[in-house]
>>> print(open('target_18.csv').read())   # CSV, C-alpha atoms (C1' of nucleotides)
chain,number,residue,atom,x,y,z
Q,1,MET,CA,-34.1,5.0,18.0
Q,2,ARG,CA,-31.8,3.8,20.7
Q,3,THR,CA,-28.6,5.2,19.4
Q,4,ILE,CA,-25.8,5.7,21.9
Q,5,LYS,CA,-24.3,9.2,21.7
Q,6,LEU,CA,-20.5,9.2,21.3
Q,7,ASN,CA,-18.2,12.2,21.2
Q,8,SER,CA,-15.5,12.4,18.6
Q,9,LYS,CA,-12.8,11.2,20.8
Q,10,GLN,CA,-14.8,8.1,21.7
Q,11,LYS,CA,-15.5,7.4,18.0
Q,12,GLU,CA,-11.8,7.8,17.3
Q,13,LEU,CA,-10.9,5.4,20.0
Q,14,ILE,CA,-13.4,2.8,18.8
Q,15,GLU,CA,-11.9,2.9,15.4
Q,16,LYS,CA,-8.4,2.7,16.8
Q,17,MET,CA,-9.3,-0.2,19.0
Q,18,GLY,CA,-11.1,-1.7,15.9
Q,19,VAL,CA,-8.0,-1.6,13.7
Q,20,TYR,CA,-6.0,-3.0,16.5
Q,21,MET,CA,-8.4,-5.9,17.1
Q,22,GLU,CA,-8.8,-6.7,13.5
Q,23,LYS,CA,-5.1,-7.5,13.4
Q,24,SER,CA,-5.7,-10.1,16.0
Q,25,GLY,CA,-8.1,-11.9,13.7
Q,26,VAL,CA,-11.6,-10.7,14.5
Q,27,SER,CA,-14.0,-9.2,11.9
Q,28,PRO,CA,-14.6,-5.5,11.6
Q,29,ALA,CA,-18.0,-5.7,13.1
Q,30,GLN,CA,-16.7,-7.8,16.0
Q,31,ALA,CA,-13.9,-5.4,16.6
Q,32,ARG,CA,-16.2,-2.4,16.6
Q,33,ILE,CA,-18.6,-4.0,19.0
Q,34,MET,CA,-15.7,-4.8,21.4
Q,35,GLY,CA,-14.5,-1.2,21.1
Q,36,LEU,CA,-18.0,0.2,21.7
Q,37,LEU,CA,-18.5,-2.0,24.8
Q,38,LEU,CA,-15.2,-0.8,26.2
Q,39,ILE,CA,-15.4,2.8,25.4
Q,40,CYS,CA,-19.0,4.1,25.7
Q,41,ASP,CA,-20.4,5.4,29.0
Q,42,GLU,CA,-23.1,2.8,29.2
Q,43,LEU,CA,-21.6,-0.6,30.2
Q,44,GLU,CA,-24.5,-2.7,29.1
Q,45,LEU,CA,-26.0,-2.3,25.7
Q,46,THR,CA,-28.9,-3.9,24.0
Q,47,PHE,CA,-28.9,-5.5,20.6
Q,48,GLU,CA,-30.7,-2.5,19.1
Q,49,GLU,CA,-28.4,0.0,20.7
Q,50,ILE,CA,-25.4,-1.9,19.3
Q,51,TYR,CA,-26.5,-2.2,15.7
Q,52,GLU,CA,-28.0,1.3,15.5
Q,53,THR,CA,-25.0,3.0,17.1
Q,54,LEU,CA,-22.5,1.1,14.9
Q,55,GLN,CA,-24.8,1.4,11.8
Q,56,ILE,CA,-24.5,-2.3,11.0
Q,57,SER,CA,-27.3,-4.7,10.0
Q,58,LYS,CA,-29.2,-6.8,12.5
Q,59,SER,CA,-27.8,-10.0,10.9
Q,60,ALA,CA,-24.2,-8.7,11.1
Q,61,ALA,CA,-24.8,-7.7,14.7
Q,62,SER,CA,-26.4,-11.1,15.5
Q,63,SER,CA,-23.6,-13.2,14.1
Q,64,ALA,CA,-20.8,-10.9,15.5
Q,65,LEU,CA,-22.4,-11.0,18.9
Q,66,ASN,CA,-22.8,-14.7,18.9
Q,67,THR,CA,-19.2,-15.2,17.8
Q,68,LEU,CA,-18.0,-12.9,20.5
Q,69,LEU,CA,-20.1,-14.7,23.1
Q,70,THR,CA,-18.8,-18.2,22.1
Q,71,SER,CA,-15.2,-16.9,22.1
Q,72,GLU,CA,-15.9,-15.5,25.5
Q,73,ARG,CA,-14.8,-12.0,24.7
Q,74,ILE,CA,-18.1,-10.6,25.8
Q,75,GLU,CA,-21.0,-11.8,27.9
Q,76,TYR,CA,-24.6,-10.7,28.5
Q,77,ILE,CA,-27.0,-10.3,31.4
Q,78,THR,CA,-30.7,-10.2,31.6
Q,79,ARG,CA,-32.9,-8.1,33.9
Q,80,PRO,CA,-35.9,-9.4,35.9
Q,81,GLY,CA,-39.0,-9.3,33.8
Q,82,GLU,CA,-37.2,-8.3,30.6
Q,83,ARG,CA,-36.6,-10.3,27.6
Q,84,LYS,CA,-33.8,-8.5,26.0
Q,85,ARG,CA,-30.2,-9.1,26.8
Q,86,TYR,CA,-27.7,-6.6,27.9
Q,87,PHE,CA,-24.3,-7.2,26.3
Q,88,ARG,CA,-21.1,-6.1,28.0
Q,89,ASN,CA,-17.4,-6.4,27.9
Q,90,ARG,CA,-16.0,-9.2,30.0
Q,91,ILE,CA,-13.7,-6.9,32.0
Q,92,GLY,CA,-12.8,-9.6,34.4
Q,93,GLN,CA,-11.6,-11.8,31.6
Q,94,TRP,CA,-8.0,-10.7,31.4
Q,95,GLU,CA,-6.9,-13.0,34.2
Q,96,ASP,CA,-8.4,-16.0,32.3
Q,97,ASP,CA,-6.7,-14.7,29.2
Q,98,PHE,CA,-3.4,-14.9,30.9
Q,99,ASP,CA,-4.1,-18.5,31.8
Q,100,LYS,CA,-5.1,-19.2,28.2
Q,101,ARG,CA,-1.9,-17.8,26.8
Q,102,PHE,CA,-0.2,-20.0,29.3
Q,103,GLN,CA,-2.0,-23.1,28.0
Q,104,HIS,CA,-1.0,-22.1,24.5
Q,105,LEU,CA,2.6,-21.8,25.4
Q,106,LEU,CA,2.4,-25.3,26.9
Q,107,LYS,CA,1.0,-26.7,23.7
Q,108,VAL,CA,3.7,-25.1,21.6
Q,109,SER,CA,6.4,-26.5,23.8
Q,110,GLN,CA,4.9,-29.9,23.6
Q,111,LEU,CA,4.7,-29.8,19.9
Q,112,MET,CA,8.3,-28.6,19.6
Q,113,LYS,CA,9.4,-31.5,21.8
Q,114,GLU,CA,7.6,-34.0,19.7
Q,115,ILE,CA,9.3,-32.5,16.6
Q,116,LEU,CA,12.7,-32.6,18.2
Q,117,GLU,CA,12.2,-36.3,19.0
Q,118,VAL,CA,11.5,-37.1,15.4
Q,119,ARG,CA,14.3,-34.9,14.0
Q,120,THR,CA,17.5,-36.4,12.7
Q,121,LYS,CA,20.2,-36.4,15.3
Q,122,SER,CA,22.8,-35.2,12.8
Q,123,THR,CA,21.9,-31.5,12.8
Q,124,LYS,CA,23.4,-30.9,16.2
Q,125,ASP,CA,23.5,-27.2,16.2
Q,126,PHE,CA,20.0,-26.7,15.0
Q,127,ASN,CA,18.7,-29.3,17.4
Q,128,SER,CA,20.4,-27.7,20.3
Q,129,LYS,CA,18.9,-24.3,19.4
Q,130,LEU,CA,15.5,-25.9,19.2
Q,131,GLN,CA,16.2,-27.5,22.6
Q,132,LYS,CA,17.1,-24.1,23.9
Q,133,ALA,CA,13.9,-22.6,22.7
Q,134,ILE,CA,12.0,-25.5,24.4
Q,135,ASN,CA,14.0,-24.9,27.6
Q,136,PHE,CA,13.0,-21.3,27.6
Q,137,MET,CA,9.4,-22.1,27.2
Q,138,GLU,CA,9.6,-24.6,30.0
Q,139,PHE,CA,11.4,-22.0,32.1
Q,140,LEU,CA,8.5,-19.6,31.5
Q,141,GLN,CA,6.0,-22.4,32.4
Q,142,GLY,CA,7.7,-22.5,35.8
Q,143,GLU,CA,8.1,-18.8,36.3
Q,144,LEU,CA,4.8,-17.4,35.0
Q,145,PRO,CA,2.6,-18.9,37.8
Q,146,GLU,CA,5.1,-17.5,40.3
Q,147,LEU,CA,4.8,-14.1,38.7
Q,148,HIS,CA,1.0,-14.3,38.9
Q,149,LYS,CA,1.2,-15.2,42.6
Q,150,LYS,CA,3.6,-12.3,43.2
Q,151,TRP,CA,1.2,-9.9,41.6
Q,152,LYS,CA,-1.8,-11.3,43.5
Q,153,LYS,CA,0.1,-10.8,46.7
Q,154,LEU,CA,0.9,-7.2,45.8
Q,155,ASN,CA,-2.8,-6.5,45.1
Q,156,LYS,CA,-4.4,-7.7,48.3
S,1,MET,CA,13.0,-34.0,-9.4
S,2,ARG,CA,14.3,-32.7,-6.1
S,3,THR,CA,11.7,-34.0,-3.8
S,4,ILE,CA,12.6,-34.4,-0.2
S,5,LYS,CA,11.8,-37.8,1.3
S,6,LEU,CA,9.8,-37.8,4.4
S,7,ASN,CA,8.7,-40.6,6.5
S,8,SER,CA,5.1,-40.9,7.7
S,9,LYS,CA,5.8,-39.5,11.1
S,10,GLN,CA,7.4,-36.4,9.6
S,11,LYS,CA,4.5,-36.0,7.3
S,12,GLU,CA,2.1,-36.3,10.2
S,13,LEU,CA,4.0,-33.7,12.2
S,14,ILE,CA,4.1,-31.3,9.3
S,15,GLU,CA,0.3,-31.5,9.0
S,16,LYS,CA,0.0,-31.1,12.8
S,17,MET,CA,2.2,-28.1,12.8
S,18,GLY,CA,0.3,-26.8,9.8
S,19,VAL,CA,-3.0,-27.0,11.5
S,20,TYR,CA,-1.5,-25.3,14.5
S,21,MET,CA,0.0,-22.4,12.5
S,22,GLU,CA,-3.1,-21.8,10.4
S,23,LYS,CA,-4.9,-21.0,13.6
S,24,SER,CA,-2.4,-18.2,14.2
S,25,GLY,CA,-3.3,-16.6,10.9
S,26,VAL,CA,-0.9,-17.9,8.2
S,27,SER,CA,-2.1,-19.6,5.0
S,28,PRO,CA,-2.0,-23.3,4.5
S,29,ALA,CA,1.0,-23.1,2.1
S,30,GLN,CA,2.9,-20.9,4.5
S,31,ALA,CA,2.1,-23.2,7.4
S,32,ARG,CA,3.3,-26.3,5.5
S,33,ILE,CA,6.5,-24.6,4.5
S,34,MET,CA,7.2,-23.6,8.1
S,35,GLY,CA,6.5,-27.2,9.1
S,36,LEU,CA,8.7,-28.6,6.4
S,37,LEU,CA,11.6,-26.4,7.3
S,38,LEU,CA,11.3,-27.3,10.9
S,39,ILE,CA,10.9,-31.0,10.6
S,40,CYS,CA,12.8,-32.4,7.6
S,41,ASP,CA,16.3,-33.6,7.9
S,42,GLU,CA,17.8,-31.0,5.5
S,43,LEU,CA,17.9,-27.6,7.1
S,44,GLU,CA,18.2,-25.6,3.9
S,45,LEU,CA,15.8,-26.2,1.1
S,46,THR,CA,15.7,-24.7,-2.4
S,47,PHE,CA,12.6,-23.3,-4.0
S,48,GLU,CA,12.2,-26.4,-6.2
S,49,GLU,CA,12.6,-28.8,-3.3
S,50,ILE,CA,9.9,-26.9,-1.4
S,51,TYR,CA,7.3,-26.8,-4.0
S,52,GLU,CA,7.9,-30.3,-5.3
S,53,THR,CA,7.9,-31.8,-1.8
S,54,LEU,CA,4.8,-30.0,-0.7
S,55,GLN,CA,3.1,-30.5,-4.1
S,56,ILE,CA,2.2,-26.8,-4.4
S,57,SER,CA,2.5,-24.6,-7.5
S,58,LYS,CA,5.5,-22.4,-8.1
S,59,SER,CA,3.4,-19.3,-7.7
S,60,ALA,CA,2.0,-20.4,-4.4
S,61,ALA,CA,5.5,-21.2,-3.2
S,62,SER,CA,6.8,-17.9,-4.4
S,63,SER,CA,4.2,-15.8,-2.6
S,64,ALA,CA,4.2,-17.9,0.5
S,65,LEU,CA,8.0,-17.7,0.8
S,66,ASN,CA,8.0,-14.0,0.2
S,67,THR,CA,5.4,-13.5,2.9
S,68,LEU,CA,7.3,-15.7,5.3
S,69,LEU,CA,10.5,-13.7,4.5
S,70,THR,CA,8.9,-10.3,5.1
S,71,SER,CA,7.3,-11.5,8.3
S,72,GLU,CA,10.7,-12.7,9.3
S,73,ARG,CA,9.5,-16.2,10.0
S,74,ILE,CA,12.1,-17.7,7.7
S,75,GLU,CA,15.3,-16.5,6.1
S,76,TYR,CA,17.5,-17.6,3.2
S,77,ILE,CA,21.2,-18.0,2.5
S,78,THR,CA,23.1,-18.2,-0.7
S,79,ARG,CA,26.2,-20.2,-1.5
S,80,PRO,CA,29.2,-18.9,-3.3
S,81,GLY,CA,28.9,-19.3,-7.0
S,82,GLU,CA,25.3,-20.3,-6.8
S,83,ARG,CA,22.3,-18.4,-7.8
S,84,LYS,CA,19.6,-20.3,-6.0
S,85,ARG,CA,18.6,-19.4,-2.5
S,86,TYR,CA,18.4,-21.9,0.4
S,87,PHE,CA,15.5,-21.2,2.6
S,88,ARG,CA,15.6,-22.1,6.3
S,89,ASN,CA,13.8,-21.7,9.5
S,90,ARG,CA,14.9,-18.8,11.7
S,91,ILE,CA,15.6,-21.0,14.7
S,92,GLY,CA,17.3,-18.1,16.4
S,93,GLN,CA,14.2,-16.0,16.1
S,94,TRP,CA,12.4,-17.0,19.3
S,95,GLU,CA,14.2,-14.5,21.4
S,96,ASP,CA,13.2,-11.7,19.1
S,97,ASP,CA,9.6,-13.1,19.2
S,98,PHE,CA,9.7,-12.7,22.9
S,99,ASP,CA,10.6,-9.1,22.6
S,100,LYS,CA,7.9,-8.6,20.0
S,101,ARG,CA,5.3,-10.0,22.2
S,102,PHE,CA,6.6,-7.6,24.8
S,103,GLN,CA,6.2,-4.7,22.5
S,104,HIS,CA,2.7,-5.8,21.8
S,105,LEU,CA,1.8,-5.9,25.4
S,106,LEU,CA,3.2,-2.4,25.7
S,107,LYS,CA,0.9,-1.1,22.9
S,108,VAL,CA,-2.1,-2.8,24.5
S,109,SER,CA,-1.5,-1.2,27.8
S,110,GLN,CA,-1.0,2.2,26.2
S,111,LEU,CA,-4.3,1.9,24.3
S,112,MET,CA,-6.1,0.8,27.5
S,113,LYS,CA,-4.7,3.8,29.3
S,114,GLU,CA,-5.9,6.1,26.6
S,115,ILE,CA,-9.4,4.5,26.8
S,116,LEU,CA,-9.5,4.8,30.6
S,117,GLU,CA,-8.7,8.5,30.3
S,118,VAL,CA,-11.6,9.1,28.0
S,119,ARG,CA,-14.1,7.0,29.9
S,120,THR,CA,-16.8,8.5,32.1
S,121,LYS,CA,-15.7,8.6,35.7
S,122,SER,CA,-19.1,7.4,36.8
S,123,THR,CA,-18.5,3.7,36.2
S,124,LYS,CA,-16.2,3.3,39.1
S,125,ASP,CA,-16.2,-0.5,39.4
S,126,PHE,CA,-15.6,-1.0,35.7
S,127,ASN,CA,-12.9,1.6,35.6
S,128,SER,CA,-11.1,0.2,38.6
S,129,LYS,CA,-11.2,-3.3,36.9
S,130,LEU,CA,-9.8,-1.7,33.8
S,131,GLN,CA,-7.1,0.0,35.8
S,132,LYS,CA,-6.3,-3.3,37.5
S,133,ALA,CA,-5.8,-4.9,34.1
S,134,ILE,CA,-3.5,-2.0,33.1
S,135,ASN,CA,-1.6,-2.4,36.3
S,136,PHE,CA,-1.0,-6.1,35.6
S,137,MET,CA,0.3,-5.3,32.2
S,138,GLU,CA,2.6,-2.7,33.6
S,139,PHE,CA,3.7,-5.1,36.3
S,140,LEU,CA,4.5,-7.6,33.5
S,141,GLN,CA,6.4,-4.9,31.7
S,142,GLY,CA,8.6,-4.6,34.7
S,143,GLU,CA,9.0,-8.2,35.4
S,144,LEU,CA,9.4,-9.8,32.0
S,145,PRO,CA,12.8,-8.3,31.2
S,146,GLU,CA,13.9,-9.5,34.7
S,147,LEU,CA,12.8,-13.0,33.8
S,148,HIS,CA,14.7,-12.8,30.6
S,149,LYS,CA,17.8,-11.8,32.4
S,150,LYS,CA,17.4,-14.5,34.9
S,151,TRP,CA,17.1,-17.1,32.1
S,152,LYS,CA,20.2,-15.7,30.4
S,153,LYS,CA,22.1,-16.0,33.6
S,154,LEU,CA,21.0,-19.6,34.0
S,155,ASN,CA,22.2,-20.4,30.4
S,156,LYS,CA,25.7,-19.1,30.4
E,1,DT,C1',24.5,-18.6,-28.8
E,2,DT,C1',21.0,-21.6,-26.9
E,3,DT,C1',19.4,-23.6,-23.0
E,4,DT,C1',18.6,-24.3,-18.4
E,5,DT,C1',17.8,-22.5,-13.9
E,6,DA,C1',15.5,-20.0,-10.3
E,7,DG,C1',12.4,-17.9,-9.6
E,8,DT,C1',8.5,-13.8,-10.6
E,9,DT,C1',4.4,-12.2,-12.6
E,10,DC,C1',0.0,-12.5,-14.8
E,11,DT,C1',-4.6,-14.5,-15.6
E,12,DG,C1',-8.2,-17.1,-14.1
E,13,DT,C1',-10.8,-20.1,-10.7
E,14,DT,C1',-12.7,-21.4,-6.4
E,15,DG,C1',-14.0,-20.9,-1.9
E,16,DT,C1',-15.3,-18.3,1.8
E,17,DA,C1',-15.8,-14.4,5.1
E,18,DA,C1',-18.4,-10.5,6.0
E,19,DC,C1',-21.7,-8.3,5.4
E,20,DA,C1',-27.0,-6.2,3.9
E,21,DG,C1',-31.8,-6.7,3.6
E,22,DA,C1',-35.8,-9.1,4.2
E,23,DA,C1',-38.5,-12.7,6.0
E,24,DC,C1',-39.3,-15.2,9.9
E,25,DT,C1',-40.3,-16.6,15.0
E,26,DA,C1',-41.3,-16.8,19.9
E,27,DA,C1',-42.3,-14.3,23.8
E,28,DA,C1',-44.2,-10.4,25.9
E,29,DA,C1',-47.1,-6.3,25.8
E,30,DA,C1',-51.0,-3.8,24.6
D,1,DT,C1',-56.2,-11.0,19.9
D,2,DT,C1',-53.2,-8.2,17.6
D,3,DT,C1',-48.9,-5.9,17.8
D,4,DT,C1',-44.4,-5.0,19.2
D,5,DT,C1',-40.0,-6.6,20.7
D,6,DA,C1',-35.7,-9.0,20.4
D,7,DG,C1',-33.6,-11.2,18.0
D,8,DT,C1',-32.5,-15.4,14.3
D,9,DT,C1',-32.3,-17.3,9.9
D,10,DC,C1',-32.3,-17.2,4.9
D,11,DT,C1',-30.9,-15.4,0.5
D,12,DG,C1',-28.0,-12.8,-2.2
D,13,DT,C1',-23.8,-9.7,-3.0
D,14,DT,C1',-19.2,-8.3,-2.9
D,15,DA,C1',-14.6,-8.6,-2.0
D,16,DC,C1',-10.7,-10.9,-1.3
D,17,DA,C1',-7.5,-14.8,-0.1
D,18,DA,C1',-5.3,-18.7,-1.8
D,19,DC,C1',-4.2,-20.9,-4.8
D,20,DA,C1',-3.1,-23.4,-10.1
D,21,DG,C1',-1.1,-23.0,-14.4
D,22,DA,C1',1.2,-20.7,-17.9
D,23,DA,C1',3.9,-17.1,-19.6
D,24,DC,C1',7.7,-14.5,-18.7
D,25,DT,C1',12.6,-12.9,-17.2
D,26,DA,C1',17.4,-12.4,-15.9
D,27,DA,C1',21.4,-14.8,-14.9
D,28,DA,C1',24.3,-18.6,-15.4
D,29,DA,C1',25.7,-22.8,-17.8
D,30,DA,C1',26.5,-25.4,-21.8
>>> encode(input="target_18.csv", output="C-alpha cells")
Amino acid sequence: MRTIKLNSKQKELIEKMGVYMEKSGVSPAQARIMGLLLICDELELTFEEIYETLQISKSAASSALNTLLTSERIEYITRPGERKRYFRNRIGQWEDDFDKRFQHLLKVSQLMKEILEVRTKSTKDFNSKLQKAINFMEFLQGELPELHKKWKKLNK
Amino acid sequence: MRTIKLNSKQKELIEKMGVYMEKSGVSPAQARIMGLLLICDELELTFEEIYETLQISKSAASSALNTLLTSERIEYITRPGERKRYFRNRIGQWEDDFDKRFQHLLKVSQLMKEILEVRTKSTKDFNSKLQKAINFMEFLQGELPELHKKWKKLNK
DNA sequence: TTTTTAGTTCTGTTGTAACAGAACTAAAAA
DNA sequence: TTTTTAGTTCTGTTACAACAGAACTAAAAA
C-alpha cells in the first residue's frame, strides 16, 4: 500500500480542481490526477501511489497518465537505478501555455480573415464588425508579446 | 425547399470552421450551424433554411440551436407579423468573450491561491513557481483592462 | 374550419468515452 | 531461477452524446 495521505481540505480542493478541469475537456480521472499532483505534499508520485490514492484502476491510471503526458500537462522523471517513473505537475508549463493560447489566437484570426475574404461584399455592417474583431485580435497579437516582456522585466 | 446555395469555397470554409469549433467542445451540428451563420451571404436564417442546407434533422437542428442560444453563441430576431425566428451569428459578441475569458482567468488565479495556501510549506521551489504563475495571472488582470482601453481609444 | 408553418418532444439507434478487472510483459530483484 | 515490480494491453460494461425520424403542438393562414 502506497496510498498518499490527504487531509479533508486537500481532498476538497482536488475535487474542486477536478470539477474545474473537467469543464475544460479532460476526463474525471485526468482531472483528479492533475489535482492530486498539484495539491498533495509529495511532488513526485509513482503509478501505484496515484491509482491507489485516487482509487482508480490501473488501466484508467495508465491511459489517463499517458494522455496527460502527450498533452504535456504533466511529465515524469526517473531516478538512477530505479525503473519506476515519478510523475509530477509541469509547474513550469504556464509560460508555454501562454504562448500556446497566443498561437491559438493567431489561428482564429487567420481563419476569420479567410472567411471575410470569401464573404459577400454586400453585408457591409456585418463585414465591418467582423473586420473589427479581426483588428482586435491582431492588436492583441502585437501587444501580448510586449506584455510578456514587461512582466519578464518586472521579475528579474 | 428553402435551401441556401453555397459555393464550394463556402462549403469548404464551413467544414474548416466546423473542425475548428468541434475542438473547442461543441457538437458537429452546432459547429456547422455556427459556420453557416458566419459564412453564408444571408445573415439571418430560418430554422428550415438551416436544417435543409446542412442536411440535418429537425430535432438535431432544434437542440443544437437551443444550445447555441443558451450559450450565447448565436441569437435570433423576429420580424413584425411573422412567427418564425431568424437566427444569426452574434457578431458583436467578441468583446463580451474577451471579458468572459478574463473572468475565467480570475477564477483560475483564485483557485491557485487557495491551493497554495493549503500546500505544505516545505516544497519551497515548487511553491515559489506556483506563486510566480499566480503573480503573472494577477499581472494580466491588471494589464488586460488597460489593453482594452487602449484599443478602444485607437478605435474611436 | 382545415391546413400549413415553425418548431418541440419523444423514441430509438449508433458510436464512443471512460472506466473496471484480469491477463499479460519486460526488467529488475531476490 | 523464480518472483516481484511497474506498468500496458485486452475484453467487457455502462453511460451518455449526438443524432434521425416520426409524432406532436400551438399559432397563423387559407
>>> residues_near_point(input="target_18.csv", point="(-35.3, -8.5, 3.0)", cutoff="10 Å", atoms="only C-alpha atoms (C1' of nucleotides)", output="list in words")
DA20, DG21, DA22 and DA23 of chain E; DC10, DT11 and DG12 of chain D
>>> interface_residues(input="target_18.csv", of="chain Q", to="chain S", cutoff="9 Å", atoms="all atoms listed in the file", output="compact mmCIF listing (two decimals) with C-alpha atoms, in the coordinates of the input")
# COMPACT_ATOMS: atom_id res chain seq x y z
CA LYS Q 9 -12.80 11.20 20.80
CA GLN Q 10 -14.80 8.10 21.70
CA LEU Q 13 -10.90 5.40 20.00
CA LYS Q 16 -8.40 2.70 16.80
CA MET Q 17 -9.30 -0.20 19.00
CA TYR Q 20 -6.00 -3.00 16.50
CA SER Q 24 -5.70 -10.10 16.00
CA GLY Q 25 -8.10 -11.90 13.70
CA LEU Q 38 -15.20 -0.80 26.20
CA ILE Q 39 -15.40 2.80 25.40
CA CYS Q 40 -19.00 4.10 25.70
CA ASP Q 41 -20.40 5.40 29.00
CA GLU Q 42 -23.10 2.80 29.20
CA LEU Q 43 -21.60 -0.60 30.20
CA ILE Q 91 -13.70 -6.90 32.00
CA GLY Q 92 -12.80 -9.60 34.40
CA TRP Q 94 -8.00 -10.70 31.40
CA GLU Q 95 -6.90 -13.00 34.20
CA VAL Q 108 3.70 -25.10 21.60
CA LEU Q 111 4.70 -29.80 19.90
CA GLU Q 114 7.60 -34.00 19.70
CA ILE Q 115 9.30 -32.50 16.60
CA LEU Q 116 12.70 -32.60 18.20
CA VAL Q 118 11.50 -37.10 15.40
CA ARG Q 119 14.30 -34.90 14.00
CA THR Q 120 17.50 -36.40 12.70
CA LYS Q 121 20.20 -36.40 15.30
CA SER Q 122 22.80 -35.20 12.80
CA THR Q 123 21.90 -31.50 12.80
CA PHE Q 126 20.00 -26.70 15.00
CA LYS Q 129 18.90 -24.30 19.40
CA LEU Q 130 15.50 -25.90 19.20
CA ALA Q 133 13.90 -22.60 22.70
CA PHE Q 136 13.00 -21.30 27.60
CA PHE Q 139 11.40 -22.00 32.10
CA LEU Q 140 8.50 -19.60 31.50
CA GLU Q 143 8.10 -18.80 36.30
CA LEU Q 147 4.80 -14.10 38.70
CA TRP Q 151 1.20 -9.90 41.60
CA ASN Q 155 -2.80 -6.50 45.10
>>> residues_around(input="target_18.csv", residues="D:DA28", least_positions_apart="4", cutoff="12 Å", atoms="all atoms listed in the file", output="VMD selection string")
(chain S and resid 81 to 84) or (chain E and resid 3 to 6)
>>> interface_residues(input="target_18.csv", of="chain S", to="chain E", cutoff="10 Å", atoms="only C-alpha atoms (C1' of nucleotides)", output="mmCIF file with C-alpha atoms, in the frame of the given file")
data_model
loop_
_atom_site.group_PDB
_atom_site.id
_atom_site.type_symbol
_atom_site.label_atom_id
_atom_site.label_comp_id
_atom_site.auth_asym_id
_atom_site.auth_seq_id
_atom_site.Cartn_x
_atom_site.Cartn_y
_atom_site.Cartn_z
ATOM 1 C CA THR S 46 15.700 -24.700 -2.400
ATOM 2 C CA PHE S 47 12.600 -23.300 -4.000
ATOM 3 C CA GLU S 48 12.200 -26.400 -6.200
ATOM 4 C CA LYS S 58 5.500 -22.400 -8.100
ATOM 5 C CA SER S 59 3.400 -19.300 -7.700
ATOM 6 C CA ALA S 61 5.500 -21.200 -3.200
ATOM 7 C CA SER S 62 6.800 -17.900 -4.400
ATOM 8 C CA SER S 63 4.200 -15.800 -2.600
ATOM 9 C CA ARG S 83 22.300 -18.400 -7.800
ATOM 10 C CA LYS S 84 19.600 -20.300 -6.000
ATOM 11 C CA ARG S 85 18.600 -19.400 -2.500
#
>>> atom_distance(input="target_18.csv", atom1="atom CA of S:Lys11", atom2="atom CA of S:Ala60")
19.7 Å
>>> build_atoms(input="target_18.csv", residues="stretch 94-108 of chain Q", atoms="N, CA and C atoms", output="PDB file, in the coordinates of the input")
ATOM      1  N   TRP Q  94      -9.441 -10.760  31.715  1.00  0.00           N
ATOM      2  CA  TRP Q  94      -8.000 -10.700  31.400  1.00  0.00           C
ATOM      3  C   TRP Q  94      -7.180 -11.713  32.216  1.00  0.00           C
ATOM      4  N   GLU Q  95      -7.659 -12.059  33.399  1.00  0.00           N
ATOM      5  CA  GLU Q  95      -6.900 -13.000  34.200  1.00  0.00           C
ATOM      6  C   GLU Q  95      -7.002 -14.433  33.522  1.00  0.00           C
ATOM      7  N   ASP Q  96      -8.211 -14.736  33.027  1.00  0.00           N
ATOM      8  CA  ASP Q  96      -8.400 -16.000  32.300  1.00  0.00           C
ATOM      9  C   ASP Q  96      -7.536 -15.978  31.023  1.00  0.00           C
ATOM     10  N   ASP Q  97      -7.501 -14.836  30.352  1.00  0.00           N
ATOM     11  CA  ASP Q  97      -6.700 -14.700  29.200  1.00  0.00           C
ATOM     12  C   ASP Q  97      -5.234 -15.050  29.428  1.00  0.00           C
ATOM     13  N   PHE Q  98      -4.774 -14.571  30.539  1.00  0.00           N
ATOM     14  CA  PHE Q  98      -3.400 -14.900  30.900  1.00  0.00           C
ATOM     15  C   PHE Q  98      -3.212 -16.382  31.014  1.00  0.00           C
ATOM     16  N   ASP Q  99      -4.154 -17.048  31.653  1.00  0.00           N
ATOM     17  CA  ASP Q  99      -4.100 -18.500  31.800  1.00  0.00           C
ATOM     18  C   ASP Q  99      -4.145 -19.170  30.384  1.00  0.00           C
ATOM     19  N   LYS Q 100      -4.981 -18.635  29.512  1.00  0.00           N
ATOM     20  CA  LYS Q 100      -5.100 -19.200  28.200  1.00  0.00           C
ATOM     21  C   LYS Q 100      -3.810 -19.130  27.398  1.00  0.00           C
ATOM     22  N   ARG Q 101      -3.185 -17.961  27.464  1.00  0.00           N
ATOM     23  CA  ARG Q 101      -1.900 -17.800  26.800  1.00  0.00           C
ATOM     24  C   ARG Q 101      -0.895 -18.790  27.322  1.00  0.00           C
ATOM     25  N   PHE Q 102      -1.042 -19.026  28.592  1.00  0.00           N
ATOM     26  CA  PHE Q 102      -0.200 -20.000  29.300  1.00  0.00           C
ATOM     27  C   PHE Q 102      -0.384 -21.381  28.717  1.00  0.00           C
ATOM     28  N   GLN Q 103      -1.630 -21.756  28.593  1.00  0.00           N
ATOM     29  CA  GLN Q 103      -2.000 -23.100  28.000  1.00  0.00           C
ATOM     30  C   GLN Q 103      -1.418 -23.193  26.606  1.00  0.00           C
ATOM     31  N   HIS Q 104      -1.513 -22.089  25.868  1.00  0.00           N
ATOM     32  CA  HIS Q 104      -1.000 -22.100  24.500  1.00  0.00           C
ATOM     33  C   HIS Q 104       0.480 -22.327  24.460  1.00  0.00           C
ATOM     34  N   LEU Q 105       1.185 -21.656  25.336  1.00  0.00           N
ATOM     35  CA  LEU Q 105       2.600 -21.800  25.400  1.00  0.00           C
ATOM     36  C   LEU Q 105       2.974 -23.294  25.706  1.00  0.00           C
ATOM     37  N   LEU Q 106       2.173 -23.891  26.558  1.00  0.00           N
ATOM     38  CA  LEU Q 106       2.400 -25.300  26.900  1.00  0.00           C
ATOM     39  C   LEU Q 106       2.225 -26.195  25.694  1.00  0.00           C
ATOM     40  N   LYS Q 107       1.205 -25.912  24.889  1.00  0.00           N
ATOM     41  CA  LYS Q 107       1.000 -26.700  23.700  1.00  0.00           C
ATOM     42  C   LYS Q 107       2.138 -26.543  22.701  1.00  0.00           C
ATOM     43  N   VAL Q 108       2.601 -25.310  22.533  1.00  0.00           N
ATOM     44  CA  VAL Q 108       3.700 -25.100  21.600  1.00  0.00           C
ATOM     45  C   VAL Q 108       4.925 -25.869  22.042  1.00  0.00           C
TER      46      VAL Q 108
END
